[in-house]
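Colleague: Input start-v4.txt, format and content: compact mmCIF, C-alpha atoms and all ligand atoms.
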# COMPACT_ATOMS: atom_id res chain seq x y z
CA MET X 1 0.00 0.00 0.00
CA ALA X 2 1.33 3.42 -0.96
CA GLU X 3 2.29 5.81 1.81
CA ARG X 4 0.91 8.80 -0.02
CA LEU X 5 -2.63 7.87 -0.86
CA THR X 6 -4.98 8.91 -3.57
CA ILE X 7 -8.19 10.07 -1.90
CA ALA X 8 -11.32 10.42 -4.05
CA ILE X 9 -14.25 12.47 -2.75
CA ASP X 10 -17.47 12.51 -4.76
CA GLY X 11 -20.93 13.80 -4.04
CA PRO X 12 -23.69 16.19 -5.09
CA ALA X 13 -23.55 20.02 -5.17
CA GLY X 14 -23.11 21.68 -1.79
CA SER X 15 -22.33 18.44 0.04
CA GLY X 16 -19.08 20.02 1.25
CA LYS X 17 -16.64 18.28 -1.11
CA SER X 18 -14.40 21.28 -1.85
CA THR X 19 -14.26 22.61 1.69
CA VAL X 20 -13.73 19.23 3.28
CA ALA X 21 -11.28 17.97 0.61
CA ARG X 22 -9.21 21.12 0.97
CA ARG X 23 -9.09 20.70 4.75
CA VAL X 24 -8.16 17.00 4.47
CA ALA X 25 -5.36 17.86 2.03
CA ALA X 26 -4.03 20.54 4.40
CA MET X 27 -4.10 18.11 7.35
CA LEU X 28 -2.22 15.42 5.42
CA GLY X 29 0.09 17.72 3.46
CA TYR X 30 -1.46 16.49 0.19
CA LEU X 31 -2.30 18.27 -3.03
CA TYR X 32 -5.94 19.35 -3.34
CA LEU X 33 -7.55 19.22 -6.79
CA ASP X 34 -11.05 20.43 -7.68
CA SER X 35 -12.11 18.59 -10.86
CA GLY X 36 -15.38 20.56 -11.05
CA ALA X 37 -13.37 23.73 -11.64
CA MET X 38 -12.19 22.24 -14.93
CA TYR X 39 -15.76 21.65 -16.17
CA ARG X 40 -16.64 25.16 -15.01
CA ALA X 41 -13.67 26.70 -16.85
CA VAL X 42 -14.56 25.05 -20.17
CA ALA X 43 -18.20 26.09 -19.60
CA LEU X 44 -17.16 29.72 -19.07
CA LYS X 45 -15.19 29.68 -22.31
CA ALA X 46 -18.14 28.16 -24.20
CA LEU X 47 -20.50 30.83 -22.81
CA GLU X 48 -18.06 33.62 -23.73
CA ARG X 49 -17.77 32.30 -27.28
CA GLY X 50 -21.51 31.74 -27.63
CA ILE X 51 -21.10 28.04 -28.44
CA PRO X 52 -24.45 26.24 -28.06
CA LEU X 53 -24.36 23.82 -25.13
CA GLU X 54 -25.92 21.13 -27.34
CA ASP X 55 -23.11 21.21 -29.90
CA ASP X 56 -21.12 18.17 -28.78
CA ALA X 57 -18.51 18.30 -31.54
CA GLN X 58 -17.68 21.99 -31.06
CA LEU X 59 -17.54 21.61 -27.28
CA GLU X 60 -15.24 18.62 -27.48
CA ALA X 61 -12.94 20.56 -29.83
CA LEU X 62 -13.08 23.49 -27.41
CA ALA X 63 -12.10 21.27 -24.46
CA ARG X 64 -9.17 19.90 -26.49
CA GLU X 65 -7.76 23.33 -27.32
CA THR X 66 -8.22 24.68 -23.79
CA HIS X 67 -5.47 24.88 -21.24
CA ILE X 68 -6.65 24.75 -17.63
CA GLU X 69 -4.34 25.07 -14.69
CA LEU X 70 -5.24 24.59 -11.04
CA ARG X 71 -2.93 26.29 -8.55
CA ALA X 72 -2.82 26.46 -4.79
CA PRO X 73 -4.30 29.72 -3.40
CA THR X 74 -2.13 32.51 -2.05
CA VAL X 75 -1.97 32.86 1.75
CA GLU X 76 -4.57 35.69 1.63
CA GLN X 77 -6.90 33.71 -0.66
CA ASP X 78 -6.54 30.67 1.57
CA ALA X 79 -7.58 32.77 4.58
CA MET X 80 -10.64 33.92 2.59
CA GLY X 81 -11.63 30.30 2.07
CA LEU X 82 -10.71 30.24 -1.64
CA LYS X 83 -10.09 26.75 -2.96
CA ASN X 84 -7.99 26.19 -6.08
CA ARG X 85 -6.96 29.17 -8.20
CA VAL X 86 -8.13 28.47 -11.72
CA PHE X 87 -6.40 29.67 -14.89
CA LEU X 88 -8.15 29.39 -18.24
CA ASP X 89 -5.66 29.73 -21.11
CA GLY X 90 -3.44 31.73 -18.75
CA ARG X 91 -6.20 34.09 -17.50
CA GLU X 92 -7.31 33.82 -13.89
CA VAL X 93 -11.02 32.91 -13.67
CA THR X 94 -11.13 31.79 -10.02
CA GLU X 95 -14.11 34.02 -9.15
CA GLU X 96 -15.81 34.13 -12.56
CA ILE X 97 -16.49 30.38 -12.67
CA ARG X 98 -18.48 30.45 -9.40
CA THR X 99 -21.78 31.76 -10.76
CA GLY X 100 -25.02 29.76 -11.06
CA ASP X 101 -25.00 30.20 -14.85
CA VAL X 102 -21.55 28.69 -15.16
CA ALA X 103 -22.53 25.83 -12.83
CA GLN X 104 -25.55 24.99 -14.99
CA ALA X 105 -23.52 25.21 -18.21
CA ALA X 106 -20.81 23.01 -16.66
CA SER X 107 -23.33 20.31 -15.81
CA GLN X 108 -24.69 20.47 -19.37
CA LEU X 109 -21.33 20.02 -21.04
CA ALA X 110 -20.38 17.39 -18.47
CA THR X 111 -22.91 15.10 -20.19
CA ILE X 112 -20.74 14.99 -23.35
CA SER X 113 -18.44 11.96 -23.40
CA GLY X 114 -15.81 13.62 -25.62
CA VAL X 115 -15.51 16.57 -23.22
CA ARG X 116 -15.23 14.20 -20.26
CA ALA X 117 -12.50 12.14 -21.93
CA VAL X 118 -10.33 15.24 -22.35
CA LEU X 119 -10.81 16.43 -18.77
CA VAL X 120 -10.47 12.98 -17.19
CA ALA X 121 -7.07 12.55 -18.90
CA GLU X 122 -6.00 15.95 -17.51
CA GLN X 123 -7.17 14.97 -14.02
CA GLN X 124 -5.32 11.66 -14.15
CA ARG X 125 -2.16 13.48 -15.16
CA ALA X 126 -2.55 16.09 -12.41
CA GLY X 127 -3.14 13.47 -9.70
CA GLN X 128 -0.59 10.86 -10.73
CA GLY X 129 1.80 9.67 -8.06
CA GLY X 130 -0.60 9.95 -5.12
CA GLY X 131 -0.53 12.33 -2.17
CA VAL X 132 -3.64 13.91 -3.60
CA VAL X 133 -7.23 14.61 -2.61
CA MET X 134 -9.37 15.05 -5.70
CA GLU X 135 -13.08 15.84 -5.55
CA GLY X 136 -15.85 15.73 -8.12
CA ARG X 137 -18.58 13.38 -9.34
CA ASP X 138 -16.71 10.47 -10.94
CA ILE X 139 -13.34 10.45 -9.20
CA GLY X 140 -13.82 7.13 -7.40
CA THR X 141 -15.66 5.50 -10.32
CA VAL X 142 -13.76 6.71 -13.42
CA VAL X 143 -10.79 9.01 -12.78
CA PHE X 144 -9.12 7.00 -10.00
CA PRO X 145 -10.98 3.69 -9.72
CA ASN X 146 -8.00 2.31 -7.76
CA ALA X 147 -7.90 5.15 -5.21
CA GLU X 148 -6.99 3.74 -1.79
CA LEU X 149 -9.72 5.76 -0.09
CA LYS X 150 -13.04 6.75 -1.62
CA ILE X 151 -15.61 8.91 0.11
CA PHE X 152 -19.14 9.60 -1.07
CA LEU X 153 -20.17 12.78 0.67
CA GLU X 154 -23.88 13.43 1.13
CA ALA X 155 -26.13 15.96 2.85
CA SER X 156 -29.85 16.64 2.53
CA PRO X 157 -30.83 18.83 -0.47
CA GLU X 158 -32.26 21.49 1.88
CA VAL X 159 -29.04 21.76 3.87
CA ARG X 160 -26.94 21.79 0.70
CA ALA X 161 -29.06 24.59 -0.78
CA GLN X 162 -28.93 26.50 2.50
CA ARG X 163 -25.11 26.31 2.49
CA ARG X 164 -24.92 27.55 -1.11
CA TRP X 165 -27.48 30.31 -0.45
CA LYS X 166 -25.38 31.56 2.46
CA GLU X 167 -22.37 31.80 0.15
CA HIS X 168 -24.39 33.81 -2.39
CA GLN X 169 -25.59 36.11 0.41
CA GLU X 170 -22.04 36.71 1.57
CA LYS X 171 -21.11 37.75 -1.98
CA GLY X 172 -24.09 40.15 -2.01
CA GLU X 173 -25.99 38.15 -4.65
CA GLN X 174 -29.77 38.46 -4.46
CA LEU X 175 -31.02 34.90 -4.88
CA THR X 176 -33.83 33.36 -2.86
CA LEU X 177 -33.30 30.10 -1.01
CA LEU X 178 -35.92 28.53 -3.26
CA GLU X 179 -34.04 29.57 -6.42
CA VAL X 180 -30.84 28.04 -5.07
CA LEU X 181 -32.68 24.85 -4.07
CA GLN X 182 -34.09 24.58 -7.60
CA GLU X 183 -30.64 25.11 -9.17
CA VAL X 184 -29.11 22.44 -6.94
CA ARG X 185 -31.94 19.95 -7.58
CA GLU X 186 -31.83 20.47 -11.34
CA ARG X 187 -28.07 19.97 -11.49
CA ASP X 188 -28.18 16.91 -9.20
CA LYS X 189 -30.82 15.30 -11.39
CA ARG X 190 -28.78 15.90 -14.55
CA ASP X 191 -25.57 14.66 -12.88
CA ARG X 192 -27.22 11.51 -11.50
CA GLU X 193 -29.17 10.61 -14.64
CA ARG X 194 -26.63 11.27 -17.39
CA ARG X 195 -25.51 8.34 -19.50
CA VAL X 196 -21.75 8.89 -19.18
CA SER X 197 -20.12 8.73 -15.76
CA PRO X 198 -23.22 9.58 -13.72
CA LEU X 199 -22.91 10.63 -10.11
CA VAL X 200 -23.09 7.32 -8.25
CA ARG X 201 -21.42 5.96 -5.17
CA ALA X 202 -18.59 3.58 -6.06
CA LYS X 203 -19.21 0.19 -4.45
CA ASP X 204 -16.13 0.59 -2.26
CA ALA X 205 -16.77 4.23 -1.28
CA VAL X 206 -17.51 5.09 2.34
CA LEU X 207 -20.81 6.99 2.57
CA VAL X 208 -20.43 10.03 4.81
CA ASP X 209 -23.62 12.01 5.42
CA ASN X 210 -22.56 15.37 6.82
CA THR X 211 -26.01 16.97 7.00
CA ALA X 212 -25.51 17.45 10.72
CA MET X 213 -21.72 17.53 10.78
CA GLY X 214 -19.34 20.45 10.69
CA ILE X 215 -16.45 20.85 8.24
CA GLU X 216 -13.75 20.07 10.78
CA GLU X 217 -15.54 17.01 12.11
CA THR X 218 -16.05 15.64 8.59
CA ALA X 219 -12.42 16.29 7.62
CA ARG X 220 -11.15 14.56 10.77
CA LEU X 221 -13.24 11.50 10.05
CA ILE X 222 -11.74 11.25 6.56
CA VAL X 223 -8.19 11.77 7.87
CA PHE X 224 -8.84 9.00 10.41
CA LEU X 225 -9.96 6.66 7.59
CA ALA X 226 -6.88 7.66 5.54
CA LYS X 227 -4.50 6.92 8.40
CA GLU X 228 -5.98 3.44 8.73
CA LYS X 229 -4.92 2.79 5.13
CA VAL X 230 -1.28 3.80 5.57
CA PRO X 231 1.04 1.02 6.78
CA ALA X 232 2.41 1.64 10.27
O1 LIG K 301 -17.90 21.36 -3.20
P1 LIG K 301 -19.33 21.21 -2.79
O2 LIG K 301 -20.26 21.79 -3.78
O3 LIG K 301 -19.69 19.79 -2.48
O4 LIG K 301 -19.53 22.00 -1.43
P2 LIG K 301 -18.64 23.15 -0.77
O5 LIG K 301 -18.48 24.26 -1.75
O6 LIG K 301 -17.40 22.56 -0.20
O7 LIG K 301 -19.54 23.57 0.45
C1 LIG K 301 -20.66 24.43 0.32
C2 LIG K 301 -20.75 25.31 1.57
O8 LIG K 301 -21.14 24.52 2.68
C3 LIG K 301 -19.44 25.99 1.95
O9 LIG K 301 -19.71 27.34 2.26
C4 LIG K 301 -19.00 25.23 3.20
O10 LIG K 301 -18.31 26.07 4.09
C5 LIG K 301 -20.31 24.77 3.81
N1 LIG K 301 -20.22 23.52 4.59
C6 LIG K 301 -20.75 23.47 5.86
O11 LIG K 301 -21.25 24.47 6.35
N2 LIG K 301 -20.69 22.31 6.60
C7 LIG K 301 -20.15 21.19 6.10
N3 LIG K 301 -20.11 20.09 6.84
C8 LIG K 301 -19.62 21.21 4.80
C9 LIG K 301 -19.68 22.39 4.05
O1 LIG K 302 -19.20 22.96 -6.45
P1 LIG K 302 -20.36 22.18 -7.00
O2 LIG K 302 -20.49 20.85 -6.31
O3 LIG K 302 -21.62 22.94 -7.05
O4 LIG K 302 -20.02 21.88 -8.52
P2 LIG K 302 -18.63 21.52 -9.16
O5 LIG K 302 -17.96 20.43 -8.41
O6 LIG K 302 -17.86 22.77 -9.37
O7 LIG K 302 -19.07 20.92 -10.56
C1 LIG K 302 -19.83 21.64 -11.52
C2 LIG K 302 -20.46 20.64 -12.48
O8 LIG K 302 -19.41 19.97 -13.19
C3 LIG K 302 -21.25 19.53 -11.80
O9 LIG K 302 -22.61 19.86 -11.61
C4 LIG K 302 -21.07 18.35 -12.75
O10 LIG K 302 -22.04 18.36 -13.77
C5 LIG K 302 -19.72 18.61 -13.41
N1 LIG K 302 -18.67 17.72 -12.87
C6 LIG K 302 -18.60 16.43 -13.37
O11 LIG K 302 -19.42 16.03 -14.18
N2 LIG K 302 -17.59 15.60 -12.97
C7 LIG K 302 -16.69 15.99 -12.07
N3 LIG K 302 -15.71 15.16 -11.72
C8 LIG K 302 -16.77 17.30 -11.51
C9 LIG K 302 -17.79 18.13 -11.93
So, in terms of structure tokens, how does the structure I just supplied come out?
Ligand code: CDP
Ligand code: CDP

Modeller:
Amino acid sequence: MAERLTIAIDGPAGSGKSTVARRVAAMLGYLYLDSGAMYRAVALKALERGIPLEDDAQLEALARETHIELRAPTVEQDAMGLKNRVFLDGREVTEEIRTGDVAQAASQLATISGVRAVLVAEQQRAGQGGGVVMEGRDIGTVVFPNAELKIFLEASPEVRAQRRWKEHQEKGEQLTLLEVLQEVRERDKRDRERRVSPLVRAKDAVLVDNTAMGIEETARLIVFLAKEKVPA
């Protein structure tokens, strides 16, 4: 068993994947990688270019010619709770990709197998060698099916929407809780029902429902499970 594990965290929107994965990575001294940011970055580029989200061939070509880089946040950004810094063809889009429109567009283009193939290959390259916590929808099932530790993170839809709504409020965005709940439900449905790499729990993933758990508590549980996997 490797000493520096590959940890896969999957789950629906707002379940706490990014926050918890980032905390786990910090506790273990691992690299944190947000695969969703890659889908969001390609989605932003497609929206900017006016490419229809139904045009599979154009979107696959777009994904192929796109360079996405995930970098660790600066000390100030880390203190603000920022996750990965995201660079799209060299331009920083860390904040721009966090809108509801980009999230919806990302989940639409994430249904295209050609787009997924390009991004999965990138993710496998970025995470090779272990010592990594990667989060998304298909990390334990497709990207790293041999990950030593797989977590499926869940929380009730109401709590997930509430968490997201609070984030929008903090950014001064005027969305109602109901609108956020609808966005989350719509995206979950599309992610769970799509033909390619749907959001499902890998058979060997540990189900962690953190509806009533804090970030620190959830991260500690995962670190505990990780330490059990490392040889003494
Ligand atoms: O990445 P994902 O969409 O799964 O969720 P996230 O962006 O990590 O978390 C959404 C929000 O929920 C963040 O503001 C977290 O701070 C918060 N959260 C929480 O309050 N309690 C948890 N146990 C997990 C996340
Ligand atoms: O942060 P949140 O959980 O809301 O979303 P995200 O992780 O940034 O992912 C945005 C969208 O990208 C998701 O709704 C999925 O459709 C797609 N995605 C995916 O299909 N596979 C992944 N490994 C990560 C994201």

Colleague: Give the residues close to ligand LIG 301 (chain K), within 8 Å, counting only C-alpha atoms and all ligand atoms; write them as a ChimeraX atom specification.

Modeller: /X:10-21,135-136,153,160,163-164,166-167,210-218

Colleague: Write as an mmCIF file with C-alpha atoms, keeping the file's coordinate frame the residues around ligand LIG 302 (chain K), taking 9 Å as the cut-off and counting all atoms listed in the file.

Modeller:
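The new file selection01.cif reads:
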data_model
loop_
_atom_site.group_PDB
_atom_site.id
_atom_site.type_symbol
_atom_site.label_atom_id
_atom_site.label_comp_id
_atom_site.auth_asym_id
_atom_site.auth_seq_id
_atom_site.Cartn_x
_atom_site.Cartn_y
_atom_site.Cartn_z
ATOM 1 C CA ASP X 10 -17.470 12.510 -4.760
ATOM 2 C CA GLY X 11 -20.930 13.800 -4.040
ATOM 3 C CA PRO X 12 -23.690 16.190 -5.090
ATOM 4 C CA ALA X 13 -23.550 20.020 -5.170
ATOM 5 C CA GLY X 14 -23.110 21.680 -1.790
ATOM 6 C CA SER X 15 -22.330 18.440 0.040
ATOM 7 C CA GLY X 16 -19.080 20.020 1.250
ATOM 8 C CA LYS X 17 -16.640 18.280 -1.110
ATOM 9 C CA SER X 18 -14.400 21.280 -1.850
ATOM 10 C CA ASP X 34 -11.050 20.430 -7.680
ATOM 11 C CA SER X 35 -12.110 18.590 -10.860
ATOM 12 C CA GLY X 36 -15.380 20.560 -11.050
ATOM 13 C CA ALA X 37 -13.370 23.730 -11.640
ATOM 14 C CA MET X 38 -12.190 22.240 -14.930
ATOM 15 C CA TYR X 39 -15.760 21.650 -16.170
ATOM 16 C CA ARG X 40 -16.640 25.160 -15.010
ATOM 17 C CA ALA X 43 -18.200 26.090 -19.600
ATOM 18 C CA ILE X 97 -16.490 30.380 -12.670
ATOM 19 C CA ARG X 98 -18.480 30.450 -9.400
ATOM 20 C CA GLY X 100 -25.020 29.760 -11.060
ATOM 21 C CA VAL X 102 -21.550 28.690 -15.160
ATOM 22 C CA ALA X 103 -22.530 25.830 -12.830
ATOM 23 C CA GLN X 104 -25.550 24.990 -14.990
ATOM 24 C CA ALA X 105 -23.520 25.210 -18.210
ATOM 25 C CA ALA X 106 -20.810 23.010 -16.660
ATOM 26 C CA SER X 107 -23.330 20.310 -15.810
ATOM 27 C CA GLN X 108 -24.690 20.470 -19.370
ATOM 28 C CA LEU X 109 -21.330 20.020 -21.040
ATOM 29 C CA ALA X 110 -20.380 17.390 -18.470
ATOM 30 C CA THR X 111 -22.910 15.100 -20.190
ATOM 31 C CA ARG X 116 -15.230 14.200 -20.260
ATOM 32 C CA LEU X 119 -10.810 16.430 -18.770
ATOM 33 C CA VAL X 120 -10.470 12.980 -17.190
ATOM 34 C CA GLN X 123 -7.170 14.970 -14.020
ATOM 35 C CA MET X 134 -9.370 15.050 -5.700
ATOM 36 C CA GLU X 135 -13.080 15.840 -5.550
ATOM 37 C CA GLY X 136 -15.850 15.730 -8.120
ATOM 38 C CA ARG X 137 -18.580 13.380 -9.340
ATOM 39 C CA ASP X 138 -16.710 10.470 -10.940
ATOM 40 C CA ILE X 139 -13.340 10.450 -9.200
ATOM 41 C CA VAL X 142 -13.760 6.710 -13.420
ATOM 42 C CA VAL X 143 -10.790 9.010 -12.780
ATOM 43 C CA ARG X 164 -24.920 27.550 -1.110
ATOM 44 C CA VAL X 184 -29.110 22.440 -6.940
ATOM 45 C CA ARG X 187 -28.070 19.970 -11.490
ATOM 46 C CA ASP X 188 -28.180 16.910 -9.200
ATOM 47 C CA ARG X 190 -28.780 15.900 -14.550
ATOM 48 C CA ASP X 191 -25.570 14.660 -12.880
ATOM 49 C CA ARG X 192 -27.220 11.510 -11.500
ATOM 50 C CA SER X 197 -20.120 8.730 -15.760
ATOM 51 C CA PRO X 198 -23.220 9.580 -13.720
ATOM 52 C CA LEU X 199 -22.910 10.630 -10.110
#

Colleague: Skip region 65-82 of chain X itself and residues of its chain fewer than 4 positions away, then list as a ChimeraX atom specification all residues within 9 Å of it, counting all atoms listed in the file.

Modeller: /X:19,31-34,37-38,41-42,45,60-61,86-90,94,122

Colleague: Box for region 50-62 of chain X: with edges along x, y and z, all listed atoms inside and 8 Å added on each side, what are the centre and edge lengths in Å to one decimal, as lines of an AutoDock Vina configuration file?

Modeller:
center_x = -19.4
center_y = 25.0
center_z = -28.3
size_x = 29.0
size_y = 29.6
size_z = 22.4

Colleague: Extract, using only C-alpha atoms, all DNA, RNA and protein residues at most 8 Å from Val180 (chain X), discarding same-chain residues fewer than 5 positions from it, and format them as a list in words.

Modeller: Ala161, Gln162, Arg164, Trp165 and Leu175 of chain X

Colleague: Could you tell me how far CA of Thr141 (chain X) lies from CA of Ala202 (chain X), in Å and to one decimal?

Modeller: 5.5 Å

Colleague: Rounded to one decimal, what separation in Å do you get between CA of Ser113 (chain X) and CA of Val196 (chain X)?

Modeller: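 Those two atoms sit 6.2 Å apart.
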
Colleague: Just give me the gap between CA of Thr6 (chain X) and CA of Leu28 (chain X) in Å, one decimal is fine.

Modeller: 11.4 Å

Colleague: Smallest atom-to-atom distance to Glu148 (chain X): which of X:Val206, X:Ala8, X:Ile222, X:Leu53, using all atoms listed in the file?

Modeller: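 Comparing X:Val206, X:Ala8, X:Ile222, X:Leu53 against Glu148 (chain X), the winner is X:Ala8.
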
Colleague: When distances are computed from all atoms listed in the file, which of X:Gln58, X:Gly131, X:Gln124, X:Glu228 shows the smallest separation from Gly29 (chain X)?

Modeller: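 Of all the options, X:Gly131 lies closest to Gly29 (chain X).
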
Colleague: Counting all atoms listed in the file, which residue out of X:Arg85, X:Lys229, X:Arg220, X:Arg185 sits closest to Ala26 (chain X)?

Modeller: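 Of all the options, X:Arg220 lies closest to Ala26 (chain X).
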
Colleague: Env of Glu3 (chain X): 10 Å cut, atoms = all atoms listed in the file, seq-sep filter 5 positions within chain, self excluded. Answer as a ChimeraX atom specification.

Modeller: /X:130-131,227,229-232

Colleague: Between X:Lys83, X:Arg125, X:Lys150, X:Lys171, which residue has the minimum interatomic distance to Leu207 (chain X), considering only C-alpha atoms?

Modeller: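 That would be X:Lys150, the residue with the smallest distance to Leu207 (chain X).
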